[in-house]
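Each remark here refers to the structure printed beneath this line.
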Amino acid sequence: MPIPTRRFAATLLIGTAACVLGTQPSLAQDAGSDAAAATEDDGGNIIIVTARRRDERITDVPISITAIGGEKLSKSGTLELTEIGQEVPNLTLEVSRGTNTTLTAFIRGVGQQDPVAGFEAGVGLYVDDVYLNRPQAAVLDIYDVERIEVLRGPQGTLYGRNTIGGAIKYVTARLPDETLLKIRGTYGSYDQADLIVTASTPLTDSLRVGASGARLSRGGFGDNLNLSGVENYNKDVWAARGTVEFDNGPLFIRLSGDYVKDNSEARQGTRLIPGLFSGAPVLDDVYDTRAGLDIVDQQVEAYGGALNIALELSDTITLKSITGYREDSSTTPIDFDSLPAADLDVPAIYENEQFSQELQLLYESDRLNGVIGVYYLDASAFTAFDVALFNTGALINLPGLNAQTLGDVDTETWSIFGDFTYDITERLSISLGGRYTSDKRTSRVLRTTFIGGFSDLFGPSTAVPIAVTSDFDGSETFKEFTPRASLSFRPDDNHNIYFTYSRGFKGGGFDPRGQTSAAPDLDGDGDVDFDDQFEFLRFAPETVNSYELGWKASLLDNRLNIGLAIFKGDYDDVQIPGSVGVDTNGDGINDSFIGITSNAASADVNGIEFEGNALVGRDFAGTGSRFTVNWALGYLDAEYNTFIDAFGNDVADQRVFQNTPEFTGHMGFDLGLPVASGTVDLLGSVSFRSDASQFEVPNPFLDQDGFALVDASIVYTGDRFSIGVHGKNLFDKRYIVAGYNFVAGGTNGQPFVPTLGLEGTLTGFYGNPRQFFITGEVRF
């Protein structure tokens, strides 16, 4: 539960921010105040970033970075964070199964798709330099954004824990120096209707205030055929953000608050096989469902605040403070089997809270530049869910069989870090950094078997507990050192050849679905006691040691920018979470399930990334005309060296990386032509992903074959207004982004056999279909 320090900070931040209002971004963990500001000059493509806490050309930074500016996101009609996964090599961003706003993120094969408290993310998500400790409410809508940047590869030195795959930074726009009122509206297919209003004004020469409000709505892509009037894959979101900025030169202070409320209907899957118990057929429309679980509404509420302070102590030294608080709560009815009866139904509750504080001391001189800092995070994550196996219960004379899980995970993390770059000569520089982290995890896992229906978590209940299968309360502190070193050689000002070593780690913990009653006698002392249960539920941190050789170049008077990286990742102690059905009474029918998570694997994750942008032509059809192209290509060779299954067998040759296509690609263009007093932009893009598996065990029904998505836009921009027409997924491709699998067999002529429930759960969730919409923006 939250400690007094966190409560005090929450009261201070939220109370102040409430005077200002709040939007949808969130708050984050680590790093500094400005990460990678992407800008373009009027004559070329000079991109400036601050990934190492200081202004640098992206060409000079020995890290694989993609930076996407807010103007480009707006012109292309980008609506939410997951869409940038189409543009960045070796990046997967998806809405998690059974949710509307929970994020699944993978970079270079490393990530996490299980949102239950107790499992840590593999990709760090930051909003205005505050780390989001949990994935709930992290599918951020795109508006009032200055830039989004993706840092690929372990970022354990400057960004800390859980950035083992990389980091994604969502940076909101600074307030302008002049009074501004901006109204942006969107209307499109599936009754999409969005309205965003942004206003800001200076109060004095140094003090500015601003606020934004957003109403984002869309009808469903499909319907729930079992619940009258309920749509599937719809959107119903209210959001707001408020900001106060003070800037008198040496001192900059930014206080921001945000709020989001998501009342969208539950996003349910569609069955990929007929019901094995009821015989229910597969539906024709993949966006339709027959899910019957409605004991709790789908709701998400999230809010928080951030306080960023930067004080220039001298020409070379700057002190920065980043304070963040975040809280969110969700209820969701997840109908695993997607059928009317409660064969495998999981109503769930998520409640998360966090407070973070970071201090940085930055040093900049002619030859030595760097940062030292300390970081602290105090967070709690509570998850509770029922697993309703009513069909199974009726069969074994246990009516209303229900396996409930309660998990309460507290995290207290502190770290100290430093990273410095020294220019040995004008052309050769070396960077060295390191971070020491103490990461304490305290977990409470309580699992109870009920009969008689759903528990009182979701309203009045007559359910009766018949067994406690887990009653665990344990704690452990994990300590890690994550170094970084790089050597950069710049033959001239427009080329950078670099080699970088970096290390990252994802925190350990205790399996939130673990069953202590299933623990064996691990220490061989003749009984099963707490020590055995502790080791049975515990899993250690996983680590990646990455080696990257890269070349960045800015050519043809900055008209052509390219980046090429070849990397090798040694992935050790890989955490493999999973759930399996179990037969608790020996009648041959699985009537419960247990989580089994272990550091069962080691792997090699190697690959190549090539991306760039080019100004192909300028002023060829009148002053101001231009034609630009951008591209990204990623190749990933991810293979397990060892993978020990639950029976102690090495099955590495039978396992694959989840959510990790071998090839990812993107090609886009923007043709700008002067028309009247403004500019018409014609934009198009195609994104490609090769075959990918949803889980480590391949499944021909759930796994997605390679596919391409084609988007196009036409946008007219005048002095104070713009209007655009956008098309997404123009060829209406159907593609699976997530799913559930609780069946065995189904291949080589074998029949399907349910492993939990009687219907055989094999359900899929799909990416968005073809959409058209019009956007209009007016600035006053």
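Simple scheme: letters A, B, ... for chains in structure tokens order, numbers from 1 for residues in each chain, numbers from 1 for ligands in the order shown.
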(message) With DSSP run on the backbone, what are the strand (DSSP E or B) residues within segment 190-435 of chain A? I'd like them as a ChimeraX atom specification.
(response) /A:192-202,207-218,222-224,231-232,235-247,251-262,270-271,289,299-312,317-335,345-364,368-388,402-423,428-435
Quick one: DSSP alpha helix (DSSP H) residues in segment 475-692 of chain A, as a tab-separated table (two decimals) with N, CA, C and O atoms, in the first residue's frame?
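Resulting contents of part00.tsv:
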```tsv
chain	number	residue	atom	x	y	z
A	530	PHE	N	7.65	-22.69	3.79
A	530	PHE	CA	7.68	-21.37	3.15
A	530	PHE	C	8.86	-21.23	2.20
A	530	PHE	O	8.75	-20.60	1.13
A	531	ASP	N	10.03	-21.77	2.58
A	531	ASP	CA	11.20	-21.65	1.72
A	531	ASP	C	10.93	-22.29	0.35
A	531	ASP	O	11.35	-21.76	-0.69
A	532	ASP	N	10.26	-23.43	0.34
A	532	ASP	CA	9.93	-24.08	-0.92
A	532	ASP	C	8.93	-23.24	-1.72
A	532	ASP	O	9.06	-23.08	-2.94
A	533	GLN	N	7.93	-22.73	-1.03
A	533	GLN	CA	6.94	-21.89	-1.70
A	533	GLN	C	7.56	-20.62	-2.25
A	533	GLN	O	7.22	-20.17	-3.36
A	534	PHE	N	8.48	-20.04	-1.50
A	534	PHE	CA	9.17	-18.83	-1.93
A	534	PHE	C	9.91	-19.08	-3.24
A	534	PHE	O	9.80	-18.31	-4.21
A	535	GLU	N	10.69	-20.16	-3.29
A	535	GLU	CA	11.46	-20.47	-4.49
A	535	GLU	C	10.56	-20.88	-5.65
A	535	GLU	O	10.88	-20.62	-6.82
A	536	PHE	N	9.43	-21.50	-5.34
A	536	PHE	CA	8.51	-21.94	-6.39
A	536	PHE	C	7.86	-20.74	-7.09
A	536	PHE	O	7.69	-20.75	-8.31
A	537	LEU	N	7.52	-19.71	-6.33
A	537	LEU	CA	6.89	-18.53	-6.94
A	537	LEU	C	7.89	-17.51	-7.45
A	537	LEU	O	7.57	-16.70	-8.32
```
(message) I'd like the contact shell of segment 358-371 of chain A - 7 Å cut-off, only C-alpha atoms, skipping same-chain residues fewer than 5 positions apart - returned as a list of chain:residue names.
(response)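 Within the cut-off, the hits are A:Asp30, A:Thr316, A:Ile317, A:Thr318, A:Leu319, A:Lys320, A:Ser321, A:Ile322, A:Thr323, A:Tyr376, A:Gly418, A:Asp419, A:Phe420, A:Thr421, A:Tyr422, A:Asp423.
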Let me see the file: selected residues, all heavy atoms, as a short mmCIF file (atom, residue, chain, number, x, y, z; two decimals), in the first residue's frame.
```cif
data_model
loop_
_atom_site.label_atom_id
_atom_site.label_comp_id
_atom_site.auth_asym_id
_atom_site.auth_seq_id
_atom_site.Cartn_x
_atom_site.Cartn_y
_atom_site.Cartn_z
N ASP A 30 12.40 7.84 -15.09
CA ASP A 30 13.81 7.97 -15.01
C ASP A 30 14.28 9.02 -15.99
O ASP A 30 13.54 9.83 -16.44
CB ASP A 30 14.32 6.61 -15.34
CG ASP A 30 15.63 6.30 -14.76
OD1 ASP A 30 16.54 7.03 -14.98
OD2 ASP A 30 15.71 5.29 -14.11
N THR A 316 28.21 25.97 -17.10
CA THR A 316 28.50 24.56 -17.37
C THR A 316 27.66 23.59 -16.55
O THR A 316 27.64 22.40 -16.86
CB THR A 316 29.99 24.27 -17.10
OG1 THR A 316 30.29 24.59 -15.73
CG2 THR A 316 30.88 25.08 -18.03
N ILE A 317 26.98 24.05 -15.53
CA ILE A 317 26.28 23.13 -14.62
C ILE A 317 24.80 23.50 -14.53
O ILE A 317 24.45 24.66 -14.33
CB ILE A 317 26.91 23.16 -13.21
CG1 ILE A 317 28.38 22.71 -13.27
CG2 ILE A 317 26.13 22.27 -12.25
CD1 ILE A 317 29.09 22.80 -11.95
N THR A 318 23.96 22.48 -14.68
CA THR A 318 22.51 22.64 -14.56
C THR A 318 21.98 21.57 -13.62
O THR A 318 22.35 20.40 -13.71
CB THR A 318 21.82 22.51 -15.93
OG1 THR A 318 22.32 23.53 -16.81
CG2 THR A 318 20.30 22.66 -15.79
N LEU A 319 21.09 21.98 -12.72
CA LEU A 319 20.44 21.05 -11.80
C LEU A 319 19.00 20.84 -12.26
O LEU A 319 18.28 21.81 -12.53
CB LEU A 319 20.46 21.61 -10.38
CG LEU A 319 19.74 20.78 -9.31
CD1 LEU A 319 20.43 19.44 -9.11
CD2 LEU A 319 19.65 21.56 -8.00
N LYS A 320 18.58 19.58 -12.34
CA LYS A 320 17.23 19.26 -12.77
C LYS A 320 16.54 18.37 -11.74
O LYS A 320 17.17 17.49 -11.15
CB LYS A 320 17.22 18.56 -14.13
CG LYS A 320 17.60 19.45 -15.30
CD LYS A 320 17.43 18.73 -16.63
CE LYS A 320 17.76 19.66 -17.78
NZ LYS A 320 17.58 19.00 -19.10
N SER A 321 15.25 18.61 -11.57
CA SER A 321 14.41 17.78 -10.69
C SER A 321 13.17 17.37 -11.47
O SER A 321 12.54 18.19 -12.14
CB SER A 321 14.02 18.56 -9.44
OG SER A 321 13.04 17.85 -8.69
N ILE A 322 12.83 16.08 -11.37
CA ILE A 322 11.65 15.54 -12.05
C ILE A 322 10.84 14.78 -11.01
O ILE A 322 11.29 13.75 -10.50
CB ILE A 322 12.03 14.61 -13.21
CG1 ILE A 322 12.96 15.32 -14.20
CG2 ILE A 322 10.77 14.10 -13.92
CD1 ILE A 322 13.65 14.38 -15.16
N THR A 323 9.66 15.29 -10.69
CA THR A 323 8.79 14.66 -9.70
C THR A 323 7.52 14.21 -10.39
O THR A 323 6.94 14.97 -11.19
CB THR A 323 8.43 15.65 -8.58
OG1 THR A 323 9.63 16.22 -8.04
CG2 THR A 323 7.65 14.96 -7.47
N TYR A 376 14.30 7.64 -7.49
CA TYR A 376 13.54 6.90 -6.49
C TYR A 376 12.12 6.65 -7.02
O TYR A 376 11.49 7.55 -7.59
CB TYR A 376 13.46 7.67 -5.18
CG TYR A 376 12.58 7.01 -4.13
CD1 TYR A 376 13.05 5.92 -3.40
CD2 TYR A 376 11.29 7.48 -3.88
CE1 TYR A 376 12.25 5.30 -2.45
CE2 TYR A 376 10.49 6.87 -2.93
CZ TYR A 376 10.97 5.78 -2.22
OH TYR A 376 10.17 5.17 -1.29
N GLY A 418 25.44 7.66 -13.60
CA GLY A 418 26.28 8.67 -14.22
C GLY A 418 26.64 8.26 -15.62
O GLY A 418 26.78 7.06 -15.92
N ASP A 419 26.80 9.24 -16.51
CA ASP A 419 27.18 8.97 -17.89
C ASP A 419 27.89 10.19 -18.45
O ASP A 419 27.34 11.31 -18.41
CB ASP A 419 25.93 8.65 -18.72
CG ASP A 419 26.28 8.18 -20.12
OD1 ASP A 419 26.48 6.97 -20.29
OD2 ASP A 419 26.36 9.02 -21.03
N PHE A 420 29.12 9.99 -18.92
CA PHE A 420 29.92 11.11 -19.41
C PHE A 420 30.57 10.77 -20.74
O PHE A 420 30.90 9.61 -21.02
CB PHE A 420 31.01 11.48 -18.40
CG PHE A 420 30.50 12.25 -17.22
CD1 PHE A 420 29.98 11.59 -16.12
CD2 PHE A 420 30.50 13.64 -17.22
CE1 PHE A 420 29.49 12.29 -15.04
CE2 PHE A 420 30.01 14.35 -16.14
CZ PHE A 420 29.51 13.68 -15.04
N THR A 421 30.72 11.82 -21.56
CA THR A 421 31.38 11.71 -22.86
C THR A 421 32.58 12.65 -22.88
O THR A 421 32.46 13.84 -22.54
CB THR A 421 30.43 12.07 -24.00
OG1 THR A 421 29.32 11.17 -23.99
CG2 THR A 421 31.13 11.97 -25.35
N TYR A 422 33.72 12.10 -23.30
CA TYR A 422 34.95 12.91 -23.38
C TYR A 422 35.46 12.88 -24.81
O TYR A 422 35.61 11.81 -25.41
CB TYR A 422 36.01 12.37 -22.44
CG TYR A 422 37.31 13.14 -22.49
CD1 TYR A 422 37.39 14.43 -21.95
CD2 TYR A 422 38.44 12.60 -23.08
CE1 TYR A 422 38.57 15.15 -22.00
CE2 TYR A 422 39.63 13.31 -23.13
CZ TYR A 422 39.70 14.59 -22.59
OH TYR A 422 40.87 15.30 -22.65
N ASP A 423 35.69 14.08 -25.37
CA ASP A 423 36.25 14.18 -26.72
C ASP A 423 37.76 14.06 -26.65
O ASP A 423 38.46 15.00 -26.25
CB ASP A 423 35.86 15.51 -27.35
CG ASP A 423 34.36 15.64 -27.58
OD1 ASP A 423 33.71 14.59 -27.74
OD2 ASP A 423 33.85 16.77 -27.59
#
```
(message) Which residue is closest to Phe336 of chain A? Choose from A:Phe780, A:Tyr170, A:Trp238, A:Phe742 and count only C-alpha atoms.
(response) A:Phe742
(request) Select, from A:Gly160, A:Gly275, A:Pro281, A:Gly509, the residue with the minimum atom-to-atom distance to Asp473 of chain A, counting only C-alpha atoms. (result)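 Residue with the minimum atom-to-atom distance to Asp473 of chain A: A:Gly509.
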